[in-house]
>>> print(open('upload00.txt').read())   # compact mmCIF, C-alpha atoms and all ligand atoms
# COMPACT_ATOMS: atom_id res chain seq x y z
CA MET U 27 297.51 45.69 244.11
CA ASN U 28 296.39 44.46 240.67
CA TYR U 29 293.74 41.76 240.52
CA THR U 30 292.98 39.67 237.46
CA ALA U 31 290.46 36.89 236.85
CA PRO U 32 291.85 33.55 238.10
CA ARG U 33 293.82 31.42 235.61
CA GLY U 34 291.50 29.57 233.25
CA THR U 35 288.58 31.96 233.85
CA ARG U 36 287.60 35.12 232.01
CA ASP U 37 285.10 37.94 231.94
CA ILE U 38 282.46 37.90 229.26
CA LEU U 39 282.24 41.61 228.49
CA PRO U 40 278.96 43.28 227.41
CA THR U 41 279.51 43.07 223.64
CA GLU U 42 280.19 39.33 223.81
CA SER U 43 277.52 38.80 226.44
CA ALA U 44 274.87 40.26 224.14
CA VAL U 45 275.78 37.64 221.52
CA TRP U 46 275.55 34.89 224.18
CA GLN U 47 272.03 36.07 225.00
CA TRP U 48 271.15 35.90 221.32
CA ILE U 49 272.57 32.34 221.10
CA GLU U 50 270.59 31.32 224.18
CA ASN U 51 267.39 32.83 222.82
CA GLN U 52 267.81 31.10 219.46
CA THR U 53 268.44 27.83 221.31
CA ILE U 54 265.39 28.15 223.53
CA GLU U 55 263.22 29.01 220.55
CA LEU U 56 264.33 25.90 218.64
CA CYS U 57 264.32 23.42 221.48
CA GLN U 58 260.85 24.47 222.61
CA LYS U 59 259.71 22.93 219.32
CA TYR U 60 261.08 19.65 220.68
CA GLY U 61 259.27 20.09 224.00
CA PHE U 62 262.22 21.13 226.20
CA HIS U 63 261.74 23.13 229.39
CA GLU U 64 264.46 24.88 231.34
CA ILE U 65 265.71 23.62 234.69
CA ARG U 66 268.16 25.46 236.95
CA THR U 67 270.14 23.48 239.49
CA PRO U 68 272.78 24.56 242.05
CA ILE U 69 276.31 25.28 240.90
CA PHE U 70 277.68 22.97 243.60
CA GLU U 71 276.51 19.52 244.66
CA GLN U 72 277.62 16.83 247.08
CA THR U 73 280.96 15.47 245.87
CA ASP U 74 279.66 11.87 245.94
CA LEU U 75 277.15 12.67 243.23
CA PHE U 76 279.85 13.36 240.65
CA GLN U 77 282.10 10.54 241.87
CA ARG U 78 279.24 8.13 241.42
CA ALA U 79 277.80 9.53 238.17
CA VAL U 80 280.87 10.58 236.19
CA GLY U 81 283.08 7.73 237.48
CA GLU U 82 286.07 7.58 239.86
CA ALA U 83 288.49 6.56 237.11
CA THR U 84 287.68 9.46 234.77
CA ASP U 85 290.03 12.44 234.42
CA ILE U 86 287.22 14.71 235.54
CA VAL U 87 286.79 13.02 238.92
CA SER U 88 290.38 11.95 239.54
CA LYS U 89 292.12 15.20 238.50
CA GLU U 90 289.83 18.04 237.60
CA MET U 91 287.18 18.67 240.23
CA TYR U 92 287.00 21.79 242.39
CA THR U 93 286.17 20.11 245.68
CA PHE U 94 285.97 21.88 249.04
CA SER U 95 284.57 21.45 252.53
CA ASP U 96 282.02 23.97 253.67
CA ARG U 97 281.89 25.27 257.23
CA GLY U 98 279.67 22.34 258.17
CA GLU U 99 282.42 19.92 257.01
CA ARG U 100 280.38 18.75 254.00
CA SER U 101 282.36 17.81 250.92
CA LEU U 102 280.99 19.82 248.01
CA THR U 103 282.10 20.15 244.39
CA LEU U 104 281.59 22.89 241.81
CA ARG U 105 279.73 21.07 239.04
CA PRO U 106 282.11 19.81 236.35
CA GLU U 107 279.18 18.90 234.08
CA GLY U 108 275.39 19.11 234.06
CA THR U 109 273.92 15.63 233.65
CA ALA U 110 274.57 14.38 237.19
CA SER U 111 272.74 17.36 238.70
CA ILE U 112 269.82 16.96 236.30
CA VAL U 113 269.39 13.30 237.22
CA ARG U 114 269.66 14.18 240.91
CA ALA U 115 266.92 16.82 240.51
CA TYR U 116 264.81 14.45 238.37
CA LEU U 117 264.87 11.92 241.20
CA GLN U 118 264.56 14.39 244.07
CA HIS U 119 261.42 15.97 242.58
CA GLN U 120 260.02 12.71 241.20
CA LEU U 121 259.58 14.18 237.76
CA ALA U 122 258.85 10.71 236.38
CA ALA U 123 255.58 10.72 238.34
CA THR U 124 254.31 13.81 236.52
CA GLU U 125 255.42 13.08 232.97
CA LYS U 126 256.52 9.92 231.21
CA ILE U 127 259.26 11.70 229.33
CA SER U 128 261.12 14.71 230.72
CA ARG U 129 262.89 17.02 228.30
CA LEU U 130 265.12 19.38 230.21
CA LEU U 131 267.34 22.23 229.10
CA TYR U 132 270.03 23.81 231.29
CA ARG U 133 272.67 26.48 230.88
CA GLY U 134 275.44 27.89 233.00
CA PRO U 135 279.04 27.60 234.11
CA MET U 136 280.91 24.30 234.64
CA PHE U 137 284.25 23.94 236.38
CA ARG U 138 287.17 21.65 235.57
CA TYR U 139 290.77 22.02 236.66
CA GLU U 140 292.22 21.52 233.18
CA ARG U 141 295.34 22.99 231.59
CA PRO U 142 294.03 26.25 230.09
CA GLN U 143 294.56 26.85 226.38
CA ALA U 144 292.62 28.37 223.48
CA GLY U 145 289.04 27.08 223.81
CA ARG U 146 289.75 25.31 227.09
CA TYR U 147 288.91 27.04 230.35
CA ARG U 148 288.59 26.11 234.00
CA GLN U 149 285.25 27.88 234.14
CA PHE U 150 283.39 27.33 230.89
CA TYR U 151 279.75 27.51 229.91
CA GLN U 152 277.43 24.88 228.56
CA LEU U 153 273.96 24.73 227.14
CA GLY U 154 272.72 21.22 227.83
CA PHE U 155 269.76 19.05 226.87
CA GLU U 156 268.56 15.87 228.56
CA ILE U 157 265.68 13.55 227.68
CA LEU U 158 264.76 11.08 230.40
CA GLY U 159 262.31 8.22 229.97
CA ALA U 160 262.68 7.25 226.29
CA ALA U 161 264.70 4.31 224.99
CA SER U 162 264.06 4.69 221.26
CA ALA U 163 266.99 5.42 218.95
CA LEU U 164 264.71 8.02 217.38
CA VAL U 165 265.44 10.19 220.44
CA ASP U 166 269.19 9.91 219.84
CA ALA U 167 268.81 10.80 216.15
CA GLU U 168 266.30 13.59 216.75
CA ILE U 169 268.48 15.27 219.33
CA ILE U 170 271.69 14.95 217.31
CA SER U 171 269.80 16.48 214.39
CA MET U 172 268.46 19.24 216.66
CA GLY U 173 272.05 20.09 217.66
CA ILE U 174 273.06 20.34 214.00
CA ASP U 175 270.00 22.45 213.15
CA LEU U 176 270.75 24.76 216.03
CA LEU U 177 274.32 25.29 214.84
CA ALA U 178 273.02 25.88 211.31
CA LYS U 179 270.53 28.44 212.67
CA LEU U 180 273.50 30.27 214.17
CA GLY U 181 275.31 30.13 210.82
CA ILE U 182 277.68 27.20 211.54
CA THR U 183 277.53 24.44 208.93
CA ASP U 184 281.14 23.34 208.40
CA LEU U 185 280.96 20.49 210.91
CA THR U 186 282.07 16.91 211.47
CA VAL U 187 279.52 14.73 213.23
CA SER U 188 280.97 11.54 214.73
CA ILE U 189 278.94 8.73 216.25
CA ASN U 190 279.83 5.48 217.96
CA SER U 191 278.41 2.95 220.39
CA VAL U 192 280.14 2.13 223.67
CA GLY U 193 277.78 -0.79 224.34
CA CYS U 194 276.08 -1.70 227.61
CA ASP U 195 276.79 -3.84 230.70
CA VAL U 196 276.48 -6.94 228.52
CA CYS U 197 278.82 -6.10 225.64
CA ARG U 198 281.10 -3.44 227.19
CA PRO U 199 283.18 -6.10 229.02
CA VAL U 200 283.66 -7.86 225.65
CA ILE U 201 284.72 -4.58 224.00
CA ARG U 202 287.13 -3.94 226.89
CA GLU U 203 288.65 -7.39 226.69
CA GLN U 204 289.06 -7.11 222.93
CA LEU U 205 290.86 -3.80 223.43
CA ARG U 206 293.07 -5.17 226.21
CA GLY U 207 293.94 -8.20 224.08
CA PHE U 208 294.79 -5.99 221.12
CA LEU U 209 297.01 -3.62 223.12
CA GLN U 210 298.59 -6.13 225.54
CA GLU U 211 301.82 -6.49 223.59
CA SER U 212 302.31 -2.77 222.96
CA LEU U 213 301.59 -1.84 226.59
CA PRO U 214 305.22 -1.07 227.57
CA GLN U 215 305.42 1.38 224.64
CA LEU U 216 302.27 3.31 225.65
CA CYS U 217 302.28 6.50 227.79
CA ASP U 218 301.73 6.47 231.58
CA ASP U 219 298.11 7.59 231.21
CA CYS U 220 297.35 4.76 228.77
CA ARG U 221 298.98 2.19 231.05
CA TYR U 222 296.90 3.45 233.98
CA ARG U 223 293.74 3.39 231.87
CA PHE U 224 294.56 -0.12 230.65
CA GLU U 225 293.92 -1.31 234.20
CA LYS U 226 291.21 1.06 235.33
CA ASN U 227 289.23 2.18 232.29
CA PRO U 228 290.56 0.64 229.05
CA LEU U 229 288.07 2.30 226.68
CA ARG U 230 289.45 5.72 227.64
CA ILE U 231 292.80 4.72 226.12
CA LEU U 232 291.27 5.49 222.74
CA ASP U 233 290.99 9.13 223.78
CA CYS U 234 294.78 9.48 224.15
CA LYS U 235 296.11 12.41 222.11
CA ASN U 236 299.71 11.10 222.15
CA LYS U 237 300.76 10.41 218.53
CA THR U 238 303.05 7.46 219.50
CA CYS U 239 300.21 5.76 221.35
CA GLN U 240 297.80 6.42 218.50
CA ASN U 241 300.10 4.51 216.12
CA TYR U 242 299.48 1.38 218.19
CA PHE U 243 295.70 1.77 217.87
CA SER U 244 295.56 1.37 214.10
CA GLY U 245 294.03 -1.90 212.98
CA LEU U 246 291.89 -2.14 216.12
CA PRO U 247 288.71 -4.14 215.34
CA SER U 248 285.59 -1.95 215.32
CA SER U 249 283.65 -2.05 218.61
CA THR U 250 280.33 -1.67 216.76
CA LYS U 251 280.91 -5.15 215.26
CA ILE U 252 280.89 -6.85 218.66
CA LEU U 253 277.92 -5.14 220.25
CA CYS U 254 275.28 -7.36 221.88
CA GLN U 255 272.03 -7.81 219.99
CA SER U 256 270.18 -4.98 221.77
CA CYS U 257 273.04 -2.47 221.32
CA GLY U 258 273.60 -3.58 217.73
CA GLU U 259 269.92 -3.08 216.89
CA HIS U 260 269.92 0.28 218.62
CA PHE U 261 272.94 1.39 216.62
CA SER U 262 271.49 0.34 213.27
CA SER U 263 268.16 1.96 214.15
CA LEU U 264 270.07 5.17 214.99
CA ILE U 265 271.71 5.05 211.58
CA THR U 266 268.35 4.54 209.85
CA TYR U 267 266.90 7.59 211.60
CA LEU U 268 269.98 9.73 210.99
CA ASP U 269 269.77 8.86 207.30
CA LEU U 270 266.06 9.71 207.26
CA LEU U 271 266.86 13.08 208.85
CA LYS U 272 269.64 13.57 206.29
CA VAL U 273 272.31 13.96 208.94
CA ASN U 274 275.82 13.84 207.53
CA TYR U 275 277.75 11.71 210.08
CA ALA U 276 280.76 9.41 210.25
CA VAL U 277 281.10 6.34 212.49
CA ASP U 278 284.23 6.83 214.60
CA ASP U 279 285.38 3.64 216.38
CA PHE U 280 287.67 5.71 218.59
CA LEU U 281 284.99 7.99 220.00
CA VAL U 282 284.59 7.10 223.69
CA ARG U 283 284.04 10.42 225.57
CA GLY U 284 285.34 11.33 229.00
CA LEU U 285 282.45 10.32 231.25
CA ASP U 286 281.72 6.79 232.43
CA TYR U 287 277.93 6.94 232.44
CA TYR U 288 277.48 6.54 228.70
CA THR U 289 275.84 3.43 227.26
CA LYS U 290 275.13 2.68 223.59
CA THR U 291 275.22 5.89 221.50
CA VAL U 292 277.95 8.51 221.96
CA PHE U 293 278.45 11.43 219.60
CA GLU U 294 280.45 14.58 219.10
CA ILE U 295 280.11 17.55 216.77
CA ARG U 296 283.38 19.26 215.85
CA SER U 297 283.88 22.51 214.04
CA ASN U 298 286.29 22.42 211.13
CA GLN U 299 287.08 26.05 212.02
CA LEU U 300 288.71 25.43 215.41
CA GLY U 301 292.16 24.11 216.27
CA ALA U 302 292.97 21.40 218.84
CA GLN U 303 289.90 22.06 221.04
CA ASN U 304 287.43 21.70 218.19
CA ALA U 305 284.55 19.79 219.83
CA ILE U 306 281.56 22.09 220.22
CA CYS U 307 278.98 19.49 221.27
CA GLY U 308 279.23 16.12 222.90
CA GLY U 309 276.89 13.65 224.50
CA GLY U 310 275.17 10.32 224.28
CA ARG U 311 272.85 7.82 225.92
CA TYR U 312 273.05 6.98 229.61
CA ASP U 313 270.53 4.26 230.28
CA ASN U 314 271.97 3.17 233.66
CA LEU U 315 272.57 6.47 235.42
CA VAL U 316 269.11 7.10 236.89
CA HIS U 317 269.14 3.60 238.39
CA GLU U 318 272.72 3.99 239.66
CA LEU U 319 271.71 7.17 241.46
CA GLY U 320 268.84 5.40 243.22
CA GLY U 321 265.88 5.61 240.79
CA GLN U 322 263.95 3.11 238.69
CA PRO U 323 265.80 1.94 235.56
CA THR U 324 265.16 4.85 233.15
CA PRO U 325 266.67 5.23 229.67
CA ALA U 326 268.06 8.69 228.92
CA PHE U 327 269.95 10.69 226.34
CA GLY U 328 271.64 14.08 226.47
CA PHE U 329 274.30 16.40 225.18
CA ALA U 330 275.93 19.74 225.89
CA ILE U 331 277.17 22.57 223.71
CA GLY U 332 280.25 24.52 224.80
CA MET U 333 279.28 28.21 224.63
CA ASP U 334 282.86 29.50 224.71
CA ARG U 335 283.81 27.44 221.67
CA LEU U 336 280.59 28.24 219.88
CA TYR U 337 281.39 31.93 220.20
CA MET U 338 284.93 31.32 218.95
CA VAL U 339 283.58 29.64 215.81
CA LEU U 340 281.17 32.51 215.15
CA GLU U 341 284.09 34.91 215.51
CA GLN U 342 286.28 32.90 213.13
CA LEU U 343 283.49 32.80 210.57
CA ASN U 344 282.78 36.52 211.00
CA HIS U 345 279.21 35.58 211.87
CA ILE U 346 278.83 37.71 214.99
CA PRO U 347 275.41 39.34 214.49
CA THR U 348 274.53 42.99 215.15
CA ILE U 349 272.57 42.97 218.35
CA LYS U 350 269.84 45.47 219.23
CA THR U 351 271.64 46.51 222.39
CA ASP U 352 274.40 47.89 220.17
CA ILE U 353 272.19 50.77 219.11
CA ILE U 354 269.97 53.25 220.91
CA ASP U 355 266.77 54.72 219.55
CA PHE U 356 266.93 58.24 220.98
CA TYR U 357 269.86 60.24 222.29
CA PHE U 358 268.79 63.32 224.27
CA MET U 359 270.99 66.41 224.06
CA THR U 360 270.07 68.80 226.83
CA MET U 361 271.53 72.21 227.44
CA GLY U 362 270.67 72.79 231.11
CA GLU U 363 269.02 71.45 234.25
CA LYS U 364 265.41 72.45 233.38
CA GLU U 365 265.78 70.88 229.92
CA ARG U 366 267.16 67.74 231.52
CA GLN U 367 264.20 67.50 233.87
CA TRP U 368 261.84 67.58 230.92
CA ALA U 369 263.94 65.02 229.02
CA CYS U 370 263.94 62.75 232.04
CA LYS U 371 260.12 62.44 231.87
CA ILE U 372 260.07 61.86 228.11
CA MET U 373 262.77 59.18 228.36
CA HIS U 374 260.83 57.39 231.09
CA ASP U 375 257.72 57.23 228.87
CA LEU U 376 259.70 56.11 225.82
CA ARG U 377 261.46 53.35 227.74
CA ASN U 378 258.15 52.14 229.08
CA ASN U 379 257.02 51.94 225.46
CA GLY U 380 259.92 49.64 224.63
CA LEU U 381 262.36 52.17 223.17
CA SER U 382 265.93 52.72 224.27
CA CYS U 383 267.20 56.17 225.28
CA ASP U 384 270.35 57.84 226.51
CA ILE U 385 271.16 61.39 227.59
CA ASN U 386 274.12 63.64 228.31
CA TYR U 387 274.50 63.81 232.09
CA ASP U 388 277.08 66.60 231.86
CA ILE U 389 277.07 69.89 230.03
CA ALA U 390 278.89 69.65 226.69
CA SER U 391 279.01 71.43 223.34
CA ILE U 392 276.51 70.35 220.70
CA LYS U 393 279.42 69.09 218.58
CA THR U 394 280.63 66.79 221.38
CA LEU U 395 277.08 65.57 221.92
CA PHE U 396 276.62 64.70 218.25
CA ARG U 397 279.90 62.79 218.31
CA ASP U 398 278.67 60.91 221.38
CA ALA U 399 275.34 60.12 219.68
CA GLU U 400 277.21 58.76 216.66
CA ARG U 401 279.51 56.65 218.81
CA LYS U 402 276.47 55.18 220.57
CA LYS U 403 274.86 54.45 217.19
CA ALA U 404 271.79 56.52 218.06
CA LEU U 405 269.08 56.48 215.41
CA PHE U 406 267.71 59.89 216.44
CA ALA U 407 269.10 62.85 218.34
CA ILE U 408 266.62 64.88 220.39
CA ILE U 409 267.76 68.39 221.08
CA ILE U 410 266.27 70.26 224.00
CA GLY U 411 267.57 73.79 224.56
CA GLU U 412 266.05 76.94 226.02
CA ASP U 413 264.16 77.65 222.83
CA GLU U 414 262.58 74.19 222.76
CA LEU U 415 261.64 74.50 226.41
CA ASP U 416 259.93 77.84 225.81
CA LYS U 417 257.98 76.54 222.83
CA GLN U 418 257.32 73.14 224.47
CA ALA U 419 258.48 71.47 221.24
CA ILE U 420 261.55 69.27 220.83
CA SER U 421 263.83 69.07 217.78
CA VAL U 422 264.42 65.54 216.51
CA LYS U 423 267.15 64.72 214.04
CA ASN U 424 267.45 61.49 212.06
CA MET U 425 271.15 60.70 212.52
CA LYS U 426 271.45 59.02 209.15
CA THR U 427 269.43 61.20 206.76
CA ARG U 428 269.99 64.36 208.86
CA GLU U 429 266.29 65.21 208.41
CA GLN U 430 264.98 67.34 211.26
CA TYR U 431 261.50 67.56 212.77
CA ASN U 432 259.84 69.66 215.46
CA ILE U 433 257.47 67.76 217.67
CA HIS U 434 255.14 69.46 220.09
CA ALA U 435 254.66 68.24 223.66
CA GLU U 436 251.12 67.15 222.87
CA ASN U 437 251.14 63.61 221.40
CA MET U 438 254.93 63.64 221.59
CA ILE U 439 255.37 60.01 222.65
CA ILE U 440 253.04 58.74 219.92
CA GLU U 441 254.87 60.83 217.32
CA LEU U 442 258.29 59.61 218.45
CA ILE U 443 257.20 55.98 218.39
CA LYS U 444 255.83 56.54 214.87
CA LEU U 445 259.14 58.05 213.75
CA ARG U 446 261.11 55.13 215.16
CA LYS U 447 258.82 52.60 213.47
CA GLU U 448 259.27 54.25 210.11
CA ILE U 449 262.96 53.44 210.16
CA ASN U 450 263.54 50.17 208.44
CA GLN U 451 266.31 49.03 210.72
CA VAL U 452 265.42 45.99 212.76
CA PRO U 453 268.55 44.45 214.24
CA ILE U 454 268.34 41.24 216.21
P1 LIG R 501 281.64 17.27 227.90
O1 LIG R 501 280.86 17.76 229.09
O2 LIG R 501 283.05 16.92 228.24
O3 LIG R 501 280.89 16.21 227.15
O4 LIG R 501 281.78 18.50 226.91
C1 LIG R 501 280.72 19.04 226.14
C2 LIG R 501 281.20 20.32 225.48
O5 LIG R 501 281.58 21.27 226.47
C3 LIG R 501 282.46 20.15 224.65
O6 LIG R 501 282.17 19.72 223.35
C4 LIG R 501 283.06 21.53 224.67
O7 LIG R 501 282.45 22.35 223.69
C5 LIG R 501 282.66 22.06 226.03
N1 LIG R 501 283.80 21.95 226.98
C6 LIG R 501 284.17 20.88 227.72
N2 LIG R 501 285.24 21.17 228.50
C7 LIG R 501 285.56 22.46 228.23
C8 LIG R 501 286.56 23.37 228.72
N3 LIG R 501 287.44 23.00 229.66
N4 LIG R 501 286.60 24.63 228.22
C9 LIG R 501 285.70 25.02 227.29
N5 LIG R 501 284.72 24.23 226.81
C10 LIG R 501 284.64 22.97 227.26
>>> encode(input="upload00.txt", output="structure tokens")
Amino acid sequence: MNYTAPRGTRDILPTESAVWQWIENQTIELCQKYGFHEIRTPIFEQTDLFQRAVGEATDIVSKEMYTFSDRGERSLTLRPEGTASIVRAYLQHQLAATEKISRLLYRGPMFRYERPQAGRYRQFYQLGFEILGAASALVDAEIISMGIDLLAKLGITDLTVSINSVGCDVCRPVIREQLRGFLQESLPQLCDDCRYRFEKNPLRILDCKNKTCQNYFSGLPSSTKILCQSCGEHFSSLITYLDLLKVNYAVDDFLVRGLDYYTKTVFEIRSNQLGAQNAICGGGRYDNLVHELGGQPTPAFGFAIGMDRLYMVLEQLNHIPTIKTDIIDFYFMTMGEKERQWACKIMHDLRNNGLSCDINYDIASIKTLFRDAERKKALFAIIIGEDELDKQAISVKNMKTREQYNIHAENMIIELIKLRKEINQVPI
């Protein structure tokens, strides 16, 4: 029988995985400068949590969740996104009692039953950032700018940054009514999804990708013009800060995002390199969610980066870096069992000194071994034959310059480390 990964999922093989680790390390390094700390939450949660947080009328909750009953008849769901779990953990562990503002970073797989296509998976990976406890629009601007800086650090600069405001409990009903009023007459011409959303969740209509429907949206009055005073001030303050931080953004009246918890600011960063699924980051403010999940009213802001898409962009741009794990420092070529026993001890010491080593486990000709060392991008070959064993001195060959050295057992580790350091090749 042949098994393959389930539809919409894939294996991240070692070469790609090494790049993911590099991305994650770069991210952690940058966001530590903003005071973020990592949190790890379970991959599944009680189903109610997502129903409540993300919203019953969203596509995620109504069509895309992986929900199952465990053997104790509890309804559980594989997390479709990260924010709900973070807020749950924030409340469960009373993080507000220990720090006024929590800055949390998370990473890992998310699950949505979507139609798979390029850049859209059923199991995909996010790096997410949440700030809980701060209402200032400076937070929104700082974090949007951090996202852009992070992408720039990875070599991605050809981006479109869109921002919008979806208002709050006060002005959202006005925005909804304005939208309903505007689309009322065209309703029979709109698709089934739009007609359903018209009743249940009118703002989401603006997310419709159907070209016929989109024609009916043109001329729609801008929602940012009818925000209440608080949301209006927040939005103009956001713009002031974004300008100060020299962020190149566009206000997009149609940006609404697929989760119901957003209030005020929403934003998205798209890569001009990708096709239909071109959003690499998305997020916004969610000032009501902590309260809705049982906590004190707490303003919050967050966003997530899609790792799968980020990698795709790097690939398209030919920006995949050379990673250290792609090379090895020393490749041991041994000619027999006794030689291998000696090599085994040297390798152990070298590895404990931070150097990478490999060895031939089977007998092979020296020619085959050199080919293997080249394939593994070894910097040095270490040859240990009978002669070397007798003299207690190994032969070391620089694979690039072909220079050869004899190093005696005494001080061998120190000498080898010195040799490696002399090579001016420091991959990431
Ligand atoms: P969201 O959680 O919907 O706000 O999405 C945030 C980011 O996650 C998006 O900008 C995408 O980069 C990524 N993303 C969302 N859904 C998928 C998916 N099905 N497959 C791959 N990446 C996704």
>>> closest_residue(input="upload00.txt", among="U:Arg283, U:Arg114, U:Ala144, U:Cys257", to="Ile86 (chain U)", atoms="all atoms listed in the file")
U:Arg283
>>> closest_residue(input="upload00.txt", among="U:Arg296, U:Arg206, U:Lys423, U:Arg78", to="ligand LIG 501 (chain R)", atoms="all atoms listed in the file")
U:Arg296
>>> atom_distance(input="upload00.txt", atom1="atom O7 of ligand LIG 501 (chain R)", atom2="CA of Tyr287 (chain U)")
18.3 Å
>>> residues_near_ligand(input="upload00.txt", ligand="ligand LIG 501 (chain R)", cutoff="9 Å", atoms="only C-alpha atoms and all ligand atoms", output="PyMOL selection string")
chain U and resi 34+86+106-109+136-154+283-285+294-296+303-310+329-336
>>> closest_residue(input="upload00.txt", among="U:Leu121, U:Gly134, U:Ala31, U:Ser95", to="Val316 (chain U)", atoms="all atoms listed in the file")
U:Leu121
>>> atom_distance(input="upload00.txt", atom1="CA of Ser263 (chain U)", atom2="CA of Ala163 (chain U)")
6.0 Å
>>> residues_around(input="upload00.txt", residues="Ala178 (chain U)", least_positions_apart="6", cutoff="12 Å", atoms="all atoms listed in the file", output="list in words")
Ile49, Gln52, Thr53, Leu56, Ser171, Met172, Asp184, Leu185, Ser297, Leu336, Leu340 and His345 of chain U
>>> decode(input="upload00.txt", residues="region 396-413 of chain U", atoms="C-alpha atoms", output="short mmCIF file (atom, residue, chain, number, x, y, z; two decimals), in the first residue's frame")
data_model
loop_
_atom_site.label_atom_id
_atom_site.label_comp_id
_atom_site.auth_asym_id
_atom_site.auth_seq_id
_atom_site.Cartn_x
_atom_site.Cartn_y
_atom_site.Cartn_z
CA PHE U 396 36.33 11.99 -1.82
CA ARG U 397 33.24 12.13 -4.02
CA ASP U 398 31.09 11.67 -0.92
CA ALA U 399 32.99 14.42 0.92
CA GLU U 400 32.43 16.78 -2.01
CA ARG U 401 28.74 15.94 -2.21
CA LYS U 402 28.40 16.69 1.51
CA LYS U 403 30.23 19.99 1.02
CA ALA U 404 32.91 19.04 3.55
CA LEU U 405 35.46 21.75 4.22
CA PHE U 406 38.18 19.26 5.22
CA ALA U 407 38.75 15.57 4.60
CA ILE U 408 40.56 13.65 7.34
CA ILE U 409 42.23 10.50 6.13
CA ILE U 410 43.01 7.77 8.60
CA GLY U 411 44.67 4.66 7.18
CA GLU U 412 47.07 2.09 8.60
CA ASP U 413 50.01 4.42 8.15
#
